[in-house]
Each structure stands twice: as C-alpha cells, then as structure tokens.
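Student: Dropping in work26.pdb, which is PDB, C-alpha atoms, pLDDT in the B column:
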ATOM      1  CA  MET A   1      97.686  75.951 146.315  1.00 56.00           C
ATOM      2  CA  LYS A   2      96.908  73.036 144.047  1.00 62.00           C
ATOM      3  CA  THR A   3      94.310  75.055 142.141  1.00 66.00           C
ATOM      4  CA  THR A   4      96.775  77.878 141.677  1.00 70.00           C
ATOM      5  CA  VAL A   5      99.278  75.578 140.003  1.00 68.00           C
ATOM      6  CA  LEU A   6      96.642  74.095 137.701  1.00 68.00           C
ATOM      7  CA  ARG A   7      95.445  77.544 136.623  1.00 69.00           C
ATOM      8  CA  SER A   8      98.884  79.036 136.197  1.00 78.00           C
ATOM      9  CA  GLY A   9      99.930  80.261 132.759  1.00 82.00           C
ATOM     10  CA  PRO A  10     102.973  78.018 132.227  1.00 85.00           C
ATOM     11  CA  PHE A  11     101.037  74.914 133.245  1.00 85.00           C
ATOM     12  CA  LEU A  12      98.188  75.659 130.858  1.00 84.00           C
ATOM     13  CA  LEU A  13     100.667  76.479 128.133  1.00 87.00           C
ATOM     14  CA  LEU A  14     102.379  73.145 128.687  1.00 90.00           C
ATOM     15  CA  VAL A  15      99.082  71.285 128.509  1.00 87.00           C
ATOM     16  CA  LEU A  16      98.082  73.094 125.340  1.00 85.00           C
ATOM     17  CA  LEU A  17     101.410  72.453 123.664  1.00 88.00           C
ATOM     18  CA  LEU A  18     101.200  68.791 124.594  1.00 88.00           C
ATOM     19  CA  ALA A  19      97.682  68.582 123.180  1.00 83.00           C
ATOM     20  CA  ALA A  20      98.761  70.348 119.998  1.00 80.00           C
ATOM     21  CA  THR A  21     101.723  68.003 119.599  1.00 81.00           C
ATOM     22  CA  LEU A  22      99.587  64.915 120.050  1.00 80.00           C
ATOM     23  CA  ALA A  23      96.901  66.234 117.733  1.00 77.00           C
ATOM     24  CA  GLY A  24      99.548  66.907 115.106  1.00 72.00           C
ATOM     25  CA  CYS A  25     100.104  63.170 114.782  1.00 71.00           C
ATOM     26  CA  SER A  26      96.468  62.684 113.843  1.00 70.00           C
ATOM     27  CA  THR A  27      96.900  64.568 110.568  1.00 67.00           C
ATOM     28  CA  VAL A  28      99.694  62.314 109.316  1.00 74.00           C
ATOM     29  CA  GLN A  29      98.158  59.956 106.784  1.00 82.00           C
ATOM     30  CA  VAL A  30      99.595  57.583 104.248  1.00 89.00           C
ATOM     31  CA  LYS A  31      98.268  58.875 100.971  1.00 92.00           C
ATOM     32  CA  PRO A  32      96.918  56.467  98.329  1.00 93.00           C
ATOM     33  CA  TRP A  33      99.953  57.018  96.090  1.00 95.00           C
ATOM     34  CA  GLU A  34     102.377  56.307  98.938  1.00 94.00           C
ATOM     35  CA  ARG A  35     101.280  52.724  99.509  1.00 93.00           C
ATOM     36  CA  ALA A  36     103.760  50.882  97.330  1.00 93.00           C
ATOM     37  CA  ALA A  37     105.478  49.293 100.306  1.00 91.00           C
ATOM     38  CA  LEU A  38     102.152  48.251 101.820  1.00 89.00           C
ATOM     39  CA  ALA A  39     101.156  46.612  98.545  1.00 89.00           C
ATOM     40  CA  ASP A  40     104.321  44.548  98.421  1.00 88.00           C
ATOM     41  CA  TYR A  41     103.933  40.780  98.428  1.00 86.00           C
ATOM     42  CA  THR A  42     106.031  40.466 101.574  1.00 87.00           C
ATOM     43  CA  MET A  43     103.420  42.487 103.472  1.00 86.00           C
ATOM     44  CA  ARG A  44     100.789  39.797 102.960  1.00 83.00           C
ATOM     45  CA  PRO A  45     100.044  37.883 106.148  1.00 79.00           C
ATOM     46  CA  ASP A  46      99.195  34.749 104.155  1.00 80.00           C
ATOM     47  CA  ARG A  47     102.210  34.725 101.833  1.00 86.00           C
ATOM     48  CA  ASP A  48     103.578  31.480 103.334  1.00 89.00           C
ATOM     49  CA  PRO A  49     100.901  28.723 103.411  1.00 89.00           C
ATOM     50  CA  LEU A  50     102.989  26.411 105.614  1.00 92.00           C
ATOM     51  CA  ALA A  51     103.645  29.115 108.203  1.00 89.00           C
ATOM     52  CA  THR A  52      99.954  30.030 108.157  1.00 87.00           C
ATOM     53  CA  THR A  53      98.966  26.391 108.738  1.00 89.00           C
ATOM     54  CA  LEU A  54     101.408  26.053 111.625  1.00 91.00           C
ATOM     55  CA  ALA A  55     100.229  29.285 113.199  1.00 87.00           C
ATOM     56  CA  GLU A  56      96.619  28.165 112.842  1.00 87.00           C
ATOM     57  CA  HIS A  57      97.463  24.840 114.498  1.00 89.00           C
ATOM     58  CA  VAL A  58      99.133  26.536 117.449  1.00 90.00           C
ATOM     59  CA  TYR A  59      96.281  28.989 117.769  1.00 87.00           C
ATOM     60  CA  PHE A  60      93.694  26.204 117.687  1.00 87.00           C
ATOM     61  CA  SER A  61      95.625  24.162 120.278  1.00 89.00           C
ATOM     62  CA  ARG A  62      95.808  27.101 122.648  1.00 89.00           C
ATOM     63  CA  GLU A  63      92.472  28.755 122.136  1.00 86.00           C
ATOM     64  CA  THR A  64      90.272  25.878 120.919  1.00 85.00           C
ATOM     65  CA  ALA A  65      89.276  28.167 118.101  1.00 81.00           C
ATOM     66  CA  SER A  66      90.356  28.862 114.571  1.00 76.00           C
ATOM     67  CA  GLY A  67      89.891  31.411 111.828  1.00 74.00           C
ATOM     68  CA  GLY A  68      89.329  35.110 112.255  1.00 71.00           C
ATOM     69  CA  ARG A  69      92.666  36.054 110.795  1.00 68.00           C
ATOM     70  CA  GLY A  70      91.289  39.077 109.030  1.00 62.00           C
ATOM     71  CA  VAL A  71      90.537  39.849 105.449  1.00 58.00           C
ATOM     72  CA  GLY A  72      92.756  39.134 102.489  1.00 57.00           C
ATOM     73  CA  GLY A  73      94.764  41.681 100.579  1.00 58.00           C
ATOM     74  CA  SER A  74      97.983  43.475 101.153  1.00 56.00           C
ATOM     75  CA  GLY A  75      96.595  46.668 102.593  1.00 58.00           C
ATOM     76  CA  CYS A  76      97.519  48.945  99.721  1.00 66.00           C
ATOM     77  CA  GLY A  77      94.063  50.464 100.059  1.00 64.00           C
ATOM     78  CA  CYS A  78      93.493  50.408  96.320  1.00 67.00           C
ATOM     79  CA  ASN A  79      89.906  51.171  95.429  1.00 55.00           C
TER      80      ASN A  79
ATOM     81  CA  MET B   1      95.988  86.349 132.500  1.00 50.00           C
ATOM     82  CA  LEU B   2      92.980  84.223 131.882  1.00 54.00           C
ATOM     83  CA  SER B   3      92.067  86.129 128.748  1.00 68.00           C
ATOM     84  CA  ARG B   4      95.602  85.635 127.438  1.00 65.00           C
ATOM     85  CA  THR B   5      95.254  81.924 128.039  1.00 62.00           C
ATOM     86  CA  ARG B   6      91.959  81.884 126.236  1.00 69.00           C
ATOM     87  CA  VAL B   7      93.450  83.625 123.247  1.00 65.00           C
ATOM     88  CA  LEU B   8      96.330  81.176 123.261  1.00 60.00           C
ATOM     89  CA  THR B   9      93.921  78.248 123.467  1.00 62.00           C
ATOM     90  CA  CYS B  10      91.909  79.507 120.532  1.00 58.00           C
ATOM     91  CA  ALA B  11      95.056  80.067 118.483  1.00 60.00           C
ATOM     92  CA  LEU B  12      96.346  76.572 119.155  1.00 57.00           C
ATOM     93  CA  LEU B  13      93.008  74.924 118.446  1.00 58.00           C
ATOM     94  CA  PHE B  14      92.848  76.858 115.179  1.00 57.00           C
ATOM     95  CA  LEU B  15      96.318  75.690 114.190  1.00 57.00           C
ATOM     96  CA  VAL B  16      95.572  72.101 115.121  1.00 56.00           C
ATOM     97  CA  GLY B  17      92.343  72.199 113.178  1.00 54.00           C
ATOM     98  CA  LEU B  18      93.976  73.387 110.005  1.00 51.00           C
ATOM     99  CA  PRO B  19      94.083  70.854 107.198  1.00 48.00           C
ATOM    100  CA  ALA B  20      97.380  69.635 105.811  1.00 48.00           C
ATOM    101  CA  GLY B  21      97.453  72.530 103.356  1.00 49.00           C
ATOM    102  CA  ARG B  22      96.691  70.587 100.187  1.00 56.00           C
ATOM    103  CA  SER B  23      94.128  71.910  97.778  1.00 73.00           C
ATOM    104  CA  ALA B  24      92.658  68.885  96.105  1.00 92.00           C
ATOM    105  CA  VAL B  25      91.477  69.065  92.497  1.00 95.00           C
ATOM    106  CA  ARG B  26      87.877  67.978  92.223  1.00 95.00           C
ATOM    107  CA  THR B  27      84.959  68.238  89.823  1.00 96.00           C
ATOM    108  CA  GLY B  28      84.582  71.770  88.495  1.00 96.00           C
ATOM    109  CA  ASP B  29      88.208  72.756  89.097  1.00 96.00           C
ATOM    110  CA  LEU B  30      90.772  73.521  86.434  1.00 97.00           C
ATOM    111  CA  PHE B  31      93.234  70.658  86.131  1.00 97.00           C
ATOM    112  CA  PRO B  32      96.885  71.652  86.707  1.00 96.00           C
ATOM    113  CA  SER B  33      99.123  72.040  83.698  1.00 95.00           C
ATOM    114  CA  LEU B  34     100.663  68.723  82.698  1.00 95.00           C
ATOM    115  CA  SER B  35     103.572  70.431  80.979  1.00 94.00           C
ATOM    116  CA  ASP B  36     104.649  72.102  84.235  1.00 93.00           C
ATOM    117  CA  ALA B  37     104.309  69.010  86.380  1.00 93.00           C
ATOM    118  CA  GLY B  38     107.793  67.612  85.798  1.00 93.00           C
ATOM    119  CA  LEU B  39     106.500  64.422  84.235  1.00 97.00           C
ATOM    120  CA  THR B  40     109.024  62.057  82.667  1.00 96.00           C
ATOM    121  CA  GLY B  41     108.970  58.725  80.911  1.00 94.00           C
ATOM    122  CA  GLY B  42     107.568  59.919  77.595  1.00 92.00           C
ATOM    123  CA  ALA B  43     106.461  62.833  75.472  1.00 94.00           C
ATOM    124  CA  LEU B  44     103.448  64.871  76.488  1.00 94.00           C
ATOM    125  CA  PRO B  45     100.805  64.876  73.729  1.00 94.00           C
ATOM    126  CA  ASP B  46      99.072  67.973  72.435  1.00 94.00           C
ATOM    127  CA  ILE B  47      95.921  68.296  74.508  1.00 95.00           C
ATOM    128  CA  THR B  48      94.851  71.760  73.414  1.00 94.00           C
ATOM    129  CA  GLY B  49      91.109  71.785  72.831  1.00 95.00           C
ATOM    130  CA  LYS B  50      90.849  68.032  73.414  1.00 96.00           C
ATOM    131  CA  VAL B  51      88.838  65.987  75.853  1.00 98.00           C
ATOM    132  CA  VAL B  52      91.423  64.484  78.192  1.00 98.00           C
ATOM    133  CA  LEU B  53      91.272  61.516  80.517  1.00 98.00           C
ATOM    134  CA  VAL B  54      94.064  61.686  83.084  1.00 98.00           C
ATOM    135  CA  ASP B  55      94.458  58.404  84.945  1.00 98.00           C
ATOM    136  CA  PHE B  56      96.702  58.015  87.993  1.00 98.00           C
ATOM    137  CA  TRP B  57      98.044  54.495  88.371  1.00 98.00           C
ATOM    138  CA  ALA B  58     100.934  52.483  89.791  1.00 97.00           C
ATOM    139  CA  SER B  59     102.559  49.180  88.944  1.00 96.00           C
ATOM    140  CA  TRP B  60     101.833  47.876  92.473  1.00 95.00           C
ATOM    141  CA  CYS B  61      98.118  48.668  92.253  1.00 95.00           C
ATOM    142  CA  ALA B  62      96.018  45.697  91.140  1.00 92.00           C
ATOM    143  CA  PRO B  63      92.865  47.671  90.202  1.00 94.00           C
ATOM    144  CA  CYS B  64      95.051  49.943  88.066  1.00 96.00           C
ATOM    145  CA  LYS B  65      96.258  46.892  86.197  1.00 95.00           C
ATOM    146  CA  ALA B  66      92.647  45.791  85.701  1.00 95.00           C
ATOM    147  CA  SER B  67      91.709  49.215  84.320  1.00 97.00           C
ATOM    148  CA  PHE B  68      94.286  49.246  81.525  1.00 97.00           C
ATOM    149  CA  PRO B  69      92.328  47.051  79.062  1.00 97.00           C
ATOM    150  CA  ALA B  70      89.291  49.307  79.547  1.00 98.00           C
ATOM    151  CA  LEU B  71      91.384  52.418  78.929  1.00 98.00           C
ATOM    152  CA  ALA B  72      92.812  50.768  75.819  1.00 98.00           C
ATOM    153  CA  ARG B  73      89.294  50.187  74.494  1.00 98.00           C
ATOM    154  CA  LEU B  74      88.385  53.827  75.188  1.00 98.00           C
ATOM    155  CA  GLN B  75      91.517  54.942  73.362  1.00 97.00           C
ATOM    156  CA  GLN B  76      90.647  52.755  70.407  1.00 97.00           C
ATOM    157  CA  ASP B  77      87.060  53.978  70.190  1.00 98.00           C
ATOM    158  CA  TYR B  78      87.439  57.696  70.897  1.00 98.00           C
ATOM    159  CA  SER B  79      90.967  58.858  70.057  1.00 97.00           C
ATOM    160  CA  SER B  80      89.962  59.674  66.493  1.00 96.00           C
ATOM    161  CA  LYS B  81      87.066  61.775  67.824  1.00 96.00           C
ATOM    162  CA  GLY B  82      89.221  63.986  70.043  1.00 96.00           C
ATOM    163  CA  LEU B  83      89.972  62.039  73.216  1.00 98.00           C
ATOM    164  CA  VAL B  84      93.472  61.950  74.671  1.00 98.00           C
ATOM    165  CA  ILE B  85      94.265  59.507  77.460  1.00 98.00           C
ATOM    166  CA  VAL B  86      97.245  60.339  79.656  1.00 98.00           C
ATOM    167  CA  ALA B  87      98.079  57.679  82.222  1.00 98.00           C
ATOM    168  CA  VAL B  88     100.305  59.096  84.944  1.00 98.00           C
ATOM    169  CA  SER B  89     102.234  56.576  87.007  1.00 98.00           C
ATOM    170  CA  VAL B  90     103.111  57.379  90.621  1.00 97.00           C
ATOM    171  CA  ASP B  91     105.774  54.695  90.820  1.00 97.00           C
ATOM    172  CA  GLU B  92     108.843  55.806  92.758  1.00 95.00           C
ATOM    173  CA  LYS B  93     111.039  53.369  90.848  1.00 95.00           C
ATOM    174  CA  PRO B  94     111.400  54.169  87.136  1.00 96.00           C
ATOM    175  CA  ALA B  95     112.266  50.514  86.477  1.00 97.00           C
ATOM    176  CA  ALA B  96     108.899  49.398  87.865  1.00 96.00           C
ATOM    177  CA  TYR B  97     107.151  51.918  85.610  1.00 97.00           C
ATOM    178  CA  ALA B  98     109.137  50.907  82.541  1.00 97.00           C
ATOM    179  CA  GLY B  99     108.630  47.199  83.232  1.00 97.00           C
ATOM    180  CA  PHE B 100     104.885  47.607  83.559  1.00 97.00           C
ATOM    181  CA  VAL B 101     104.613  49.655  80.367  1.00 97.00           C
ATOM    182  CA  LYS B 102     106.759  47.165  78.480  1.00 96.00           C
ATOM    183  CA  ARG B 103     104.700  44.238  79.731  1.00 95.00           C
ATOM    184  CA  PHE B 104     101.268  45.659  78.980  1.00 94.00           C
ATOM    185  CA  GLY B 105     102.111  47.893  76.015  1.00 96.00           C
ATOM    186  CA  PRO B 106      99.229  50.336  76.458  1.00 97.00           C
ATOM    187  CA  PRO B 107      98.135  52.140  73.269  1.00 97.00           C
ATOM    188  CA  PHE B 108      97.731  55.438  75.143  1.00 97.00           C
ATOM    189  CA  VAL B 109     100.302  57.874  76.527  1.00 97.00           C
ATOM    190  CA  THR B 110     101.959  56.908  79.808  1.00 98.00           C
ATOM    191  CA  LEU B 111     104.073  59.282  81.885  1.00 98.00           C
ATOM    192  CA  LEU B 112     105.857  59.084  85.209  1.00 98.00           C
ATOM    193  CA  ASP B 113     105.330  61.377  88.195  1.00 97.00           C
ATOM    194  CA  GLN B 114     108.284  60.029  90.123  1.00 96.00           C
ATOM    195  CA  LYS B 115     108.563  62.955  92.534  1.00 95.00           C
ATOM    196  CA  HIS B 116     104.811  62.950  93.166  1.00 96.00           C
ATOM    197  CA  GLU B 117     104.509  66.626  92.308  1.00 96.00           C
ATOM    198  CA  LEU B 118     101.350  66.316  90.224  1.00 97.00           C
ATOM    199  CA  VAL B 119      99.618  63.670  92.319  1.00 97.00           C
ATOM    200  CA  THR B 120     100.266  65.670  95.482  1.00 95.00           C
ATOM    201  CA  ALA B 121      98.859  68.803  93.884  1.00 95.00           C
ATOM    202  CA  VAL B 122      95.820  66.897  92.696  1.00 97.00           C
ATOM    203  CA  ASP B 123      95.497  64.844  95.910  1.00 95.00           C
ATOM    204  CA  VAL B 124      93.823  61.791  94.432  1.00 96.00           C
ATOM    205  CA  PRO B 125      91.380  60.082  96.800  1.00 94.00           C
ATOM    206  CA  ALA B 126      92.198  56.500  95.718  1.00 94.00           C
ATOM    207  CA  MET B 127      94.255  54.405  93.352  1.00 95.00           C
ATOM    208  CA  PRO B 128      93.488  54.454  90.514  1.00 96.00           C
ATOM    209  CA  THR B 129      91.730  57.779  89.989  1.00 97.00           C
ATOM    210  CA  SER B 130      90.586  59.086  86.619  1.00 97.00           C
ATOM    211  CA  PHE B 131      89.818  62.702  85.807  1.00 98.00           C
ATOM    212  CA  VAL B 132      87.666  63.385  82.764  1.00 98.00           C
ATOM    213  CA  ILE B 133      88.560  66.881  81.592  1.00 98.00           C
ATOM    214  CA  ASP B 134      86.642  68.946  79.057  1.00 97.00           C
ATOM    215  CA  ARG B 135      88.056  70.933  76.140  1.00 96.00           C
ATOM    216  CA  HIS B 136      88.595  73.950  78.392  1.00 96.00           C
ATOM    217  CA  GLY B 137      90.752  72.055  80.882  1.00 96.00           C
ATOM    218  CA  ARG B 138      88.098  71.813  83.553  1.00 97.00           C
ATOM    219  CA  VAL B 139      87.514  68.577  85.476  1.00 98.00           C
ATOM    220  CA  ARG B 140      83.984  67.453  84.729  1.00 98.00           C
ATOM    221  CA  PHE B 141      84.002  63.951  86.153  1.00 98.00           C
ATOM    222  CA  LEU B 142      86.116  62.089  88.654  1.00 97.00           C
ATOM    223  CA  HIS B 143      86.343  58.339  89.165  1.00 97.00           C
ATOM    224  CA  ALA B 144      87.960  57.142  92.369  1.00 96.00           C
ATOM    225  CA  GLY B 145      88.886  53.493  91.962  1.00 94.00           C
ATOM    226  CA  PHE B 146      88.009  51.136  89.128  1.00 96.00           C
ATOM    227  CA  ARG B 147      84.894  48.981  89.243  1.00 95.00           C
ATOM    228  CA  GLY B 148      85.122  47.065  85.986  1.00 96.00           C
ATOM    229  CA  GLN B 149      82.299  47.367  83.488  1.00 97.00           C
ATOM    230  CA  ASP B 150      80.427  49.925  85.590  1.00 97.00           C
ATOM    231  CA  THR B 151      83.319  52.375  85.490  1.00 97.00           C
ATOM    232  CA  GLU B 152      83.959  51.769  81.805  1.00 98.00           C
ATOM    233  CA  SER B 153      80.306  52.368  80.929  1.00 98.00           C
ATOM    234  CA  GLU B 154      80.244  55.584  82.923  1.00 98.00           C
ATOM    235  CA  LEU B 155      83.450  56.767  81.275  1.00 98.00           C
ATOM    236  CA  ARG B 156      82.025  56.048  77.835  1.00 98.00           C
ATOM    237  CA  ARG B 157      78.864  58.007  78.557  1.00 98.00           C
ATOM    238  CA  GLN B 158      80.780  60.950  79.973  1.00 98.00           C
ATOM    239  CA  ILE B 159      83.393  61.025  77.218  1.00 98.00           C
ATOM    240  CA  GLU B 160      80.729  60.903  74.536  1.00 98.00           C
ATOM    241  CA  MET B 161      78.943  63.793  76.200  1.00 97.00           C
ATOM    242  CA  LEU B 162      82.081  65.926  76.377  1.00 98.00           C
ATOM    243  CA  LEU B 163      83.053  65.110  72.808  1.00 97.00           C
ATOM    244  CA  THR B 164      79.765  66.495  71.588  1.00 97.00           C
ATOM    245  CA  GLU B 165      80.393  69.810  73.358  1.00 94.00           C
ATOM    246  CA  LYS B 166      82.040  72.472  71.274  1.00 81.00           C
ATOM    247  CA  GLY B 167      85.373  73.953  72.285  1.00 70.00           C
TER     248      GLY B 167
END
Represent the supplied structure as structure tokens.
Tutor:
Amino acid sequence: MKTTVLRSGPFLLLVLLLAATLAGCSTVQVKPWERAALADYTMRPDRDPLATTLAEHVYFSRETASGGRGVGGSGCGCN
Amino acid sequence: MLSRTRVLTCALLFLVGLPAGRSAVRTGDLFPSLSDAGLTGGALPDITGKVVLVDFWASWCAPCKASFPALARLQQDYSSKGLVIVAVSVDEKPAAYAGFVKRFGPPFVTLLDQKHELVTAVDVPAMPTSFVIDRHGRVRFLHAGFRGQDTESELRRQIEMLLTEKG
C-alpha cells in the first residue's frame, strides 16, 4: 500500500515540482552590476568603531575569545 | 505510467538545468551596438573603424574609481592614434553618475546605462570590466576587475597591437 502511494503519478509529480521549485532558487544570483546596495557604507559591519569595540568586549567576556569577525569590505564583490 | 513519469522527470531536469537565458559577450564575439543600447548621460562618439575600449563602472565600485586615472592615461596616449574609450556607468541613480563624473572629470567619454540594458546583454563577470574591441567591432580582450599597473600594462600592450592592425 505504502509503495503504491510512493510510486503513484501524482505523488511523483508533486515531488518533481517541489524539486524544480527549490532548484529554481539556485539560479537567482546578484549580478556584479546589481551590488550598489551591498557596497553602501551602511552595509559595513565595522562602520561604528565604538559598537564594534563593545561587541568585541561582550564576545570576549562570554566566549573567552576574540577576533574572527570576518574579512573587511562591504561585500560589493568588486574585482 | 512509469515511462510517462520518466519523460516528465527528464523534461523537468532539463528545464531546471537551463541557464538563466543570458548570452554573455566574451572574447571573439561581436560587441553589441552602443547606439541601440539606450545609453544616456552624454553623446556617443564616432567609433567606426576605431579601436574601442568599453569599460563598465559604477560610482559605488572602489576598483572602478582606481581604474579611472589609468584610463585617462590611455586616453591621453592613444586617442590621437585611433583609440576611443567609452566608460559605461551602471549606476541606477543618475545623480550618483553625474556627481562622480563631475568630481573626477575624466577626459574620455562617459555614458549611463541606467536601465542595465547593455550590461545585462553583455553580462559582465565583475566590476569593473573592460572590453578591448578591434576596428571590426569584435571583442579581442576582456579584463574582469582592475589590478593596477598589471592591468594598465596589459591594456597598453593590447591596444598597441590592435592599433597596428589595419581596418
């Protein structure tokens, strides 16, 4: 009974449509010329030195570790 | 029933596997017509029979900003020999484009592709991207990104080579 349901046409169709829908999201990319918003100054994680210092302090107090906040840059992907 | 499912599976996998439908312009291809690209922000120069360097840039792109002095030097050295530099901005805000041009005052032609018609057709791989086009309108060299003196030296060598070719 269970096998019959799994091999039925509508069920397979549903699975395939779901797979196609999910795979469709994988082709959506931000193109290099569409990254103006990502290159904005407000997108920088280190734009506020005081806030960065405070966050580092809290992180160090909790984790007994510091650093590892990622690379610099705004993420515009230039070059 | 099973064969129908198989056919359906193949059809769906084929559709999913299709690329986004863009045909990128790369080395060896004819570059699209600039006059039909809906460019604004300035007058299109006469590029018939000229060696053309089309550079895609944006005011928010730091490497693009760094490339402008190099492009200005190329313009100064080769414009009298038949080189035309067309710098196409992909800024969505005309004010950002105008402000950048006013601030840097480039000696070469700058135009605006506000609706991204040309850049989408060309499908540039990075910002900035420069296309070095021969006298017949064919892309001979492509530079994705700007790497300072290395890129400028390569551009010089390639431009000089194309300038020596007859139309």
Student: Could you tell me, as a ChimeraX atom specification, exactly which residues end up selected when the ChimeraX specification (/A :<6) & /B is applied to this structure?
Tutor: /B:126-127,145
Student: Generate the output file for the selected residues, C-alpha atoms, as a compact mmCIF listing (two decimals), keeping the file's coordinate frame.
Tutor:
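Done, and the output landed in selection_38.txt:
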# COMPACT_ATOMS: atom_id res chain seq x y z
CA ALA B 126 92.20 56.50 95.72
CA MET B 127 94.26 54.40 93.35
CA GLY B 145 88.89 53.49 91.96
Student: Work out how far apart CA of Thr129 (chain B) and CA of Cys64 (chain B) are and give it in Å to one decimal.
Tutor: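 Taking CA of Thr129 (chain B) as the start and CA of Cys64 (chain B) as the end point, the length is 8.7 Å.
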Student: In Å, with one decimal, what is the gap from CA of His143 (chain B) to CA of Thr42 (chain A)?
Tutor: 29.3 Å
Student: Report, in Å with one decimal, the straight-line distance from CA of Leu44 (chain B) to CA of Leu112 (chain B).
Tutor: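 So the answer is 10.7 Å.
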Student: Can you list what the PyMOL selection byres ((chain B and resi 50) around 7) grabs from this structure, as an MDAnalysis selection string?
Tutor: chainID B and resid 47:49 51:52 82:84 135
Student: Enumerate, as a PyMOL selection string, the residues matched when the PyMOL selection byres ((chain B and resi 89-103) around 9) is run on the file above.
Tutor: (chain A and resi 33-34+36) or (chain B and resi 41+55-60+87-88+104-106+110-116+119)
Student: Within 7 Å of Thr27 (chain B), counting all atoms listed in the file, which residues show up once you throw out same-chain ones fewer than 6 positions away? Write them as a PDB file with C-alpha atoms, in the coordinates of the input, please.
Tutor:
ATOM      1  CA  VAL B 139      87.514  68.577  85.476  1.00 98.00           C
ATOM      2  CA  ARG B 140      83.984  67.453  84.729  1.00 98.00           C
ATOM      3  CA  PHE B 141      84.002  63.951  86.153  1.00 98.00           C
ATOM      4  CA  LEU B 142      86.116  62.089  88.654  1.00 97.00           C
TER       5      LEU B 142
END
